[in-house]
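Working notes, beginning with the structure itself.
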Amino acid sequence: MGEIVLYDYWRSSASYRLRIALNLLELDYKTVSVDLLKKDHKSDEHLSRNPQGLVPVLDIDGQQFTQSLAILDYLRKTRGLFLYSEDAAQRAKVTALAHVLAVDVHPVCNLGVVAHVSQILPEQENVREDWMEHFISKGLYAFESLLSDIKLTPFIDGGKPGIAEICLIPQLYNADRWNVDYSDCPNIISLATACGELDAFVRAQPEQVHTS
């Protein structure tokens with residue numbers, strides 16, 4: 001079926017999600033770094049893959065796909081990636097959890113957004129740190145609250161991690177990076193511990209894939 005290629009940046013949350021998913025599926029894939037700090041995402045070569053100039057891009061089945069949530073759904077439909085149970089109510093709740101982080105928090109904490117905020121507020125000290133702490137903590141506390149009526153066994157949907165965990169773990173990496181305290185979120189910590197015991201999550205960690 002051809003080589004699977006993931007165009008990724010090691011610290012990109014969206015790329016991190018796909019590394020987890022591909023590892024969970026035990027698929028062999030090649031990674032090609034698109035260095036955001038070096039502006040590789042603005043090159044003509046990368047814009048030909050994704051006109052938005054974003055990562056990740058997944059080259060699979062002879063096609064190139066963008067947007068991590070859309071790619072996760074493609075992997076669900078073509079490779080059997082588990083994202084949520086078949087129960088309609090549970091599926092809606094789990095999807096909402098994922099969207100809290102991937103749709104509401106991640107876009108406003110994107111590197112380009114935060115850089116722009118810093119440019120328009122140059123006189124404000126610690127603007128990046130304050131911005132990240134505000135939005136990440138707000139999202140994590142909402143995520144924790146939504147988990148309050150779900151019994152973790154050990155994951156949200158039972159014995160397997162799904163879309164919520166795939167979105168949570170990269171966001172926790174960002175929380176740790178920006179010194180966001182979530183120590184009073186026991187359910188999130190429980191999920192992080194359970195995911196940390198799975199090789200698919202460990203191998204996807206930014207420090208595991210960073211080569212320079």
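How things are named: the first chain in the structure tokens is A, the next is B, and so on; residues count from 1 in each chain; ligands count from 1 in the order shown.
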Find the residues near Ser15 (chain A): any atom within 10 Å, counting only C-alpha atoms, skip ones fewer than 3 places away on the same chain, and give them as number ranges by chain.
A: 6-12, 18-21, 54-58, 67-68, 170, 204, 206
Write out the residues from the selection above, keeping C-alpha atoms, as a compact mmCIF listing (two decimals), in the first residue's frame.
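Below you can see part-v4.txt, which holds the result:
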```
# COMPACT_ATOMS: atom_id res chain seq x y z
CA LEU A 6 4.02 11.77 8.59
CA TYR A 7 5.10 15.37 8.07
CA ASP A 8 5.43 16.51 11.64
CA TYR A 9 7.04 18.83 14.14
CA TRP A 10 8.16 17.26 17.38
CA ARG A 11 6.42 19.76 19.65
CA SER A 12 3.24 20.06 17.61
CA LEU A 18 -1.09 11.24 15.09
CA ARG A 19 2.11 9.67 16.38
CA ILE A 20 0.07 8.15 19.22
CA ALA A 21 -2.59 6.90 16.81
CA LEU A 54 0.30 23.66 9.24
CA VAL A 55 1.35 20.26 10.50
CA PRO A 56 0.65 17.42 10.48
CA VAL A 57 0.20 16.10 6.99
CA LEU A 58 -0.19 12.34 6.59
CA GLN A 67 -6.16 18.25 10.06
CA SER A 68 -5.43 15.77 12.84
CA PRO A 170 -0.26 16.20 24.02
CA ALA A 204 5.16 9.29 20.61
CA PRO A 206 8.29 14.71 21.80
```
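Those residues in region 55-113 of chain A carrying a DSSP assignment of strand (DSSP E or B), computed from the backbone, are Val57, Leu58, Asp59, Ile60, Gln63, Gln64, Phe65 and Thr66 of chain A.
From CA of Asn23 (chain A) back to CA of Asp199 (chain A), the distance works out to 8.1 Å.
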Residues within 9 Å of His41 (chain A), please, as a count of residues only. Count only C-alpha atoms; anything in the same chain fewer than 5 positions from it doesn't count.
10
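With only C-alpha atoms as the atoms that count, the residue of A:Ile169, A:Ile163, A:Leu111, A:Ile189 with the shortest distance to Leu72 (chain A) is A:Ile163.
Straight-line separation from CA of Ala194 (chain A) to CA of Phe155 (chain A): 7.2 Å.
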Shell of 12 Å around Thr78 (chain A), only C-alpha atoms, local chain residues under 6 positions omitted, as a ChimeraX atom specification
/A:25,60-61,71-72
Using DSSP on the backbone coordinates, identify all residues within region 85-159 of chain A classified as alpha helix (DSSP H); present the result as a ChimeraX atom specification.
/A:88-99,106-108,111-120,127-146
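CA of Gly139 (chain A) is positioned 26.7 Å from CA of Glu123 (chain A).
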So that I can see what lies close to Leu24 (chain A), please list as a compact mmCIF listing (two decimals) with N, CA, C and O atoms, in the first residue's frame the residues with an atom at most 8 Å from it, counting only C-alpha atoms and leaving out residues fewer than 6 positions away in the same chain.
```txt
# COMPACT_ATOMS: atom_id res chain seq x y z
N LEU A 81 -8.85 2.14 13.92
CA LEU A 81 -8.40 2.84 15.11
C LEU A 81 -9.58 3.06 16.06
O LEU A 81 -10.62 3.59 15.66
N ALA A 200 2.77 2.80 23.00
CA ALA A 200 2.36 3.66 21.90
C ALA A 200 2.42 5.13 22.29
O ALA A 200 2.78 5.99 21.48
N PHE A 201 2.09 5.43 23.54
CA PHE A 201 2.15 6.80 24.03
C PHE A 201 3.59 7.21 24.33
O PHE A 201 3.99 8.34 24.05
```
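Minimum atom-to-atom distances from A:Lys30, A:Lys93, A:Trp178, A:Pro51 to Asn126 (chain A) were compared using only C-alpha atoms, and the lowest value belongs to A:Trp178.
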Can you pull out the residues contacting Thr153 (chain A)? Cut-off 10 Å, using only C-alpha atoms, and skip same-chain residues under 6 positions away; I want them as a ChimeraX atom specification.
/A:159-160,190-191,194
Near-Met132 (chain A) list (12 Å; only C-alpha atoms; drop same-chain fewer than 4 positions) as a list in words
Val105, His106, Pro107, Val108, Cys109, Asn110, Leu111, Val113, Val114, Ala115, Val117, Ser118, Asn126, Val127, Arg128, Ile136, Ser137, Lys138, Gly139, Leu140, Gln171, Asn174, Ala175, Asp176, Arg177, Trp178, Asn179, Val180 and Asp181 of chain A
